[in-house]
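Q: Take a look at the following structure, please.
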Amino acid sequence: MSISELLTEYGDKYVQALFTTWQLTAVSFLLALLIGIVITVMRISPVLPLRMAADFYVQIFRNIPGAALLILLVYALPYLNVVLSYYMCVLIATTLIPSAFCSEYLIAGMNTIGPGQIEAARSLGMTFLQIIRNVILPQAVRSSVLPMTNLLVATMLTTALASQVPLNPRDLTGIVSYINTHAVGGVTAFVISAALYAGTAVLIGQLGSLLDRKVRILR
Amino acid sequence: MKQTQNESHTAVIELRHVDKFFGSLHVLKDISLSVQKGEVLVIIGPSGSGKSTLCRTINRLEGIDAGEIIIDGVPMPEEGKELANLRAQIGMVFQSFNLFSHRTILDNVCLAPMDVLKVPRKEAREKALSLLERVGVQDQAHKVPAQLSGGQQQRVAIARALAMNPKAILFDEPTSALDPEMIGEVLDVMTELAREGMTMVIVTHEMNFAKNVADRVIFMDAGSILEEGKPEDFFAAPKTQRARDFLGKL
Ligand SMILES: Nc1ncnc2c1ncn2[C@@H]1O[C@H](COP(=O)(O)OP(=O)(O)OP(=O)(O)O)[C@@H](O)[C@H]1O
Ligand SMILES: [Mg+2]
C-alpha cells in the first residue's frame with residue numbers, strides 16, 4: 001500500500017496512536033522529573049543511607065535495558081503477587097529509566113552553582129531543605145533545560161516499548177504491527193510512524209531551546 | 001600580651017580555647033577571643049595564618065575540633081535547626097560576594113528574611129529596598145547579580161546580611177576581589193556601619209581602613225593570635241618581630 005492509501009484507511013488510527021504516544025510520554029516524563037528530583041535530593045543529603053540508596057537506584061535504572069525492565073514487570077511481578085495492567089507496566093518502565101537520567105542531569109546542573117552560594121545560604125540560617133529549594137534546585141533545573149529536552153525525546157522513543165504488550169489504543173510503534181497484520185503496509189506503515197516521532201522530536205527541540213534561552217542564568 | 005576577659009556579659013561573640021585541624025595541619029591553635037557589642041575587630045596576618053578559617057568557624061561554616069564558640073551567651077550547637085537559627089544571627093560577607101545568581105538583587109536581599117525569619121513579603125521588600133538605598137544600589141533592584149559591578153555586588157551582599165538584623169557581621173576580605181576603583185565604595189559602607197554601632201569582625205589587608213575604623217586589631221600568624229591591641233598602638237609600635245616584618249612588607 002502507498003502512503004496515501006495507508007493514510008486514508010488508517011489515518012484516524014495513526015492520530016489515535018500519536019496521542020497515545022504523546023500521553024504516555026508526557027505522563028512518564030512528568031513522573032520522571034518528580035522522582036528524579038526526589039532521588040537527587042537524596043543523593044546530596046547529609047544522610048549516608050539515603051545517599052547510598054539513591055545512588056544505587058540511579059545505577060540500576062540508568063543501566064537496565066527498557067525491554068528487560070518491561071519483561072520483569074510483566075512476568076516477574078506476578079510471582080510476588082503483584083499484577084499490574086499492561087499499561088501500568090509500560091508506564092513504570094518508561095518512568096523509572098528516564099528518572100535516573102533526570103537525576104544525572106540535575107547533578108550536572110548543580111555543578112554549575114558556585115560553592116560560595118551554598119555557604120552564603122548557610123550563613124543566612126537556611127536549613128538543608130531551604131537551601132535545596134531556594135538555591136540548588138532552581139539553578140540546577142534552569143541550567144539543565146537542554147539535556148532535559150533530550151531526555152524528553154529519549155522518553156518518547158522509550159515509549160515504543162508499549163508495542164511489546166497488547167495495548168488499546170496502540171502507540172505509534174504498536175500501530176505498525178497492527179497494520180501489518182491486517183494489511184500489507186510493509187515498511188511504508190513504519191515510515192509514517194517514524195515521521196510522526198521525528199516531527200514530535202523536532203517540535204520538542206525547538207520548544208526546549210526557546211525555554212532555555214528564556215530561563216538561562218546569567219553568570 | 002593582654003588577653004581580653006572571657007567572662008564579659010556583653011560579648012556578642014566569644015571563642016574559648018578553639019582548636020581546628022585540617023588533617024594534620026593545626027590551623028587554629030588555642031584561640032580565645034571575645035567581641036563586645038558594637039565593637040569593630042580587625043584581623044590581619046600573613047596568607048595562610050588562619051584568618052579566614054577563624055572567621056568561618058565563628059558561624060560554623062567550618063567545624064572545630066576543641067573549644068567552645070558562644071554567640072550572645074548561647075553555645076554554638078553542632079548542627080541542625082538550632083545551628084541554622086544561630087547562624088541567622090551572624091551575617092557573613094565573602095570575598096567573592098556569593099549572591100544568588102538566579103535571583104534579582106531585590107530577591108537576594110528578601111529571600112532569607114522571608115524564608116528563615118518568616119517576615120511577610122511586603123515588609124521584607126520594603127526593608128530590602130531601604131537597605132539597597134542605604135548601600136546605594138536601589139537603581140539595580142530588578143537586575144540579576146551578573147549585571148552589576150563587583151563593588152555593587154558586594155554592597156548588595158552587605159545589604160543581604162543586614163536584612164537579617166544580625167547581631168554581628170563577619171567580613172572575610174570583602175574588598176580583595178575588587179578592582180581598585182571599587183574598593184572605596186565598599187569600605188565607605190562598612191565605615192558607615194561601624195559608625196552606627198554594628199558589631200563587626202573584619203579580615204582585611206586595607207591597613208588605612210583598619211587604622212581608622214577598628215576598635216581593636218588582632219595579628220595572627222600560623223594559627224595563633226600573636227598580638228592584640230588598639231590600632232593606634234599596634235600600627236605605631238608592634239610588639240612582635242613577626243608583626244613588624246608583616247607591616248614592613250606592605
Ligand atoms: N578546606 C581546607 N582543607 C585543607 N586545608 C585548608 C582548608 N582551608 C584552608 N586550609 C589551610 O589552612 C591554613 C589557613 O588557611 P586560611 O584560609 O584560614 O588562611 P588565611 O589567613 O585566610 O589566608 P589568606 O590571607 O591567603 O586568605 C592554610 O595553610 C590553608 O592552606
Ligand atoms: Mg583568607
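Identifiers in the C-alpha cells: chain A, B, ... in order shown; residue index from 1 per chain; ligand index from 1 in order shown.
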Let me see if you get this right: every residue at most 9 Å from ligand 2, counting only C-alpha atoms and all ligand atoms, written as a PyMOL selection string.

A: chain B and resi 47-53+55+95+172-173+203-204

Q: Could you work out which residues of chain B fall inside 7 Å of chain A? Count only C-alpha atoms, and format the result as a list of chain:residue names.

A: B:Asn59, B:Lys81, B:Ala84, B:Asn85, B:Arg87, B:Ala88, B:Gly91, B:Met92, B:Asn98, B:Leu99, B:Phe100, B:Ser101, B:His102, B:Ala112, B:Val116, B:Ala146

Q: Would you give me, as a PyMOL selection string, the residues in range 47-195 of chain A that DSSP reads as alpha helix (DSSP H)?

A: chain A and resi 48-63+66-71+86-110+115-123+128-131+137-142+145-158+174-182+186-195

Q: Can you tell me which residues surround Tyr87 in chain A at a distance of at most 10 Å, considering only C-alpha atoms, apart from same-chain residues fewer than 6 positions away, and format the answer as a CSV table (one decimal) with C-alpha atoms, in the first residue's frame?

A:
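To be explicit, this is the file written out as selection_31.csv:
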chain,number,residue,atom,x,y,z
A,24,LEU,CA,2.5,8.1,27.6
A,162,ALA,CA,4.3,-0.2,24.5
A,165,VAL,CA,2.4,-5.6,25.1
A,166,PRO,CA,-1.3,-5.7,24.0
A,167,LEU,CA,-2.5,-2.2,24.5
A,168,ASN,CA,-5.6,-0.4,23.3

Q: Got a sec: who's within 7 Å of range 150-152 of chain B, counting only C-alpha atoms, leaving out chain neighbours fewer than 3 positions off, as a ChimeraX atom specification?

A: /B:137,155-156,178,182-183,185-186

Q: Would you save the residues from that selection as a short mmCIF file (atom, residue, chain, number, x, y, z; two decimals), in the first residue's frame, using N, CA and C atoms?

A:
data_model
loop_
_atom_site.label_atom_id
_atom_site.label_comp_id
_atom_site.auth_asym_id
_atom_site.auth_seq_id
_atom_site.Cartn_x
_atom_site.Cartn_y
_atom_site.Cartn_z
N VAL B 137 22.50 51.06 45.92
CA VAL B 137 22.24 50.30 44.69
C VAL B 137 20.74 50.13 44.43
N ARG B 155 28.18 45.44 47.82
CA ARG B 155 27.30 46.26 48.64
C ARG B 155 25.94 45.57 48.80
N VAL B 156 25.49 44.86 47.74
CA VAL B 156 24.25 44.09 47.87
C VAL B 156 24.44 42.98 48.91
N LEU B 178 38.04 42.99 44.40
CA LEU B 178 37.51 44.16 43.67
C LEU B 178 38.60 44.91 42.92
N MET B 182 36.88 50.32 42.99
CA MET B 182 35.61 49.99 43.65
C MET B 182 35.78 49.70 45.14
N ILE B 183 37.04 49.66 45.58
CA ILE B 183 37.28 49.31 46.98
C ILE B 183 36.69 50.37 47.90
N GLU B 185 34.11 52.39 47.64
CA GLU B 185 32.67 52.42 47.85
C GLU B 185 32.22 51.36 48.86
N VAL B 186 32.92 50.23 48.87
CA VAL B 186 32.56 49.18 49.82
C VAL B 186 33.05 49.55 51.23
#

Q: Which residues are near Ala53 in chain A? Cut-off 9 Å, only C-alpha atoms, ignore same chain within fewer than 3 positions. Put them as a ChimeraX atom specification.

A: /A:39,42-43,48-50,56-58

Q: Could you pull the residues within 12 Å of range 73-85 of chain A, counting only C-alpha atoms, minus those fewer than 2 positions along the same chain, as a list of chain:residue names?

A: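 Here the answer would be A:Gly66, A:Ala67, A:Ala68, A:Leu69, A:Leu70, A:Ile71, A:Tyr87, A:Met88, A:Cys89, A:Val90, A:Leu91, A:Ile92, A:Ala93, A:Thr94, A:Leu96, A:Ala162, A:Gln164, A:Val165, A:Pro166, A:Leu167, A:Asn168.
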
Q: From the set B:Glu126, B:Glu39, B:Glu192, B:Asp179, which residue has the shortest atom-to-atom contact distance to Ser149 in chain B, counting only C-alpha atoms?

A: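 Ranked by minimum distance to Ser149 in chain B, first place goes to B:Asp179.
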
Q: Pick out the closest residue to Lys127 in chain B from this set: B:Gln153, B:Val144, B:Ala163, B:Leu111. Count only C-alpha atoms.

A: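 Using only C-alpha atoms, the shortest distance to Lys127 in chain B belongs to B:Ala163.
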
Q: Can you list every residue in range 43-180 of chain B that DSSP puts in strand (DSSP E), as a list in words?

A: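 Output for range 43-180 of chain B, strand (DSSP E) only: Ile43, Ile44, Ala66, Gly67, Glu68, Ile69, Ile70, Ile71, Val74, Pro75, Ile90, Gly91, Met92, Val93, Ala168, Ile169, Leu170, Phe171 and Asp172 of chain B.
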
Q: Contacts of range 239-248 of chain B at 9 Å or less, counting only C-alpha atoms, minus same-chain residues fewer than 5 places along, as a ChimeraX atom specification?

A: /B:1,45-46,219-221,226-227,234

Q: Those same residues - N, CA and C atoms - I'd like them written as a PDB file, in the first residue's frame.

A:
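Written output follows (selection.pdb):
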ATOM      1  N   MET B   1      51.320  39.971  76.335  1.00  0.00           N
ATOM      2  CA  MET B   1      50.112  40.165  75.538  1.00  0.00           C
ATOM      3  C   MET B   1      48.891  40.208  76.448  1.00  0.00           C
ATOM      4  N   GLY B  45      47.075  39.506  59.168  1.00  0.00           N
ATOM      5  CA  GLY B  45      48.092  38.461  59.279  1.00  0.00           C
ATOM      6  C   GLY B  45      48.460  37.968  57.904  1.00  0.00           C
ATOM      7  N   PRO B  46      49.599  37.283  57.805  1.00  0.00           N
ATOM      8  CA  PRO B  46      50.051  36.812  56.502  1.00  0.00           C
ATOM      9  C   PRO B  46      49.133  35.729  55.929  1.00  0.00           C
ATOM     10  N   PHE B 219      46.567  40.374  65.424  1.00  0.00           N
ATOM     11  CA  PHE B 219      47.518  39.934  64.416  1.00  0.00           C
ATOM     12  C   PHE B 219      47.705  38.429  64.573  1.00  0.00           C
ATOM     13  N   MET B 220      47.431  37.695  63.473  1.00  0.00           N
ATOM     14  CA  MET B 220      47.544  36.226  63.531  1.00  0.00           C
ATOM     15  C   MET B 220      48.747  35.771  62.731  1.00  0.00           C
ATOM     16  N   ASP B 221      49.346  34.711  63.238  1.00  0.00           N
ATOM     17  CA  ASP B 221      50.384  34.060  62.454  1.00  0.00           C
ATOM     18  C   ASP B 221      50.380  32.576  62.790  1.00  0.00           C
ATOM     19  N   LEU B 226      49.039  36.421  67.764  1.00  0.00           N
ATOM     20  CA  LEU B 226      50.330  36.837  68.318  1.00  0.00           C
ATOM     21  C   LEU B 226      50.230  38.149  69.058  1.00  0.00           C
ATOM     22  N   GLU B 227      49.329  38.993  68.583  1.00  0.00           N
ATOM     23  CA  GLU B 227      49.281  40.323  69.152  1.00  0.00           C
ATOM     24  C   GLU B 227      47.880  40.856  69.071  1.00  0.00           C
ATOM     25  N   PHE B 234      49.040  49.318  67.942  1.00  0.00           N
ATOM     26  CA  PHE B 234      49.572  48.216  67.143  1.00  0.00           C
ATOM     27  C   PHE B 234      50.345  48.722  65.931  1.00  0.00           C
TER      28      PHE B 234
END
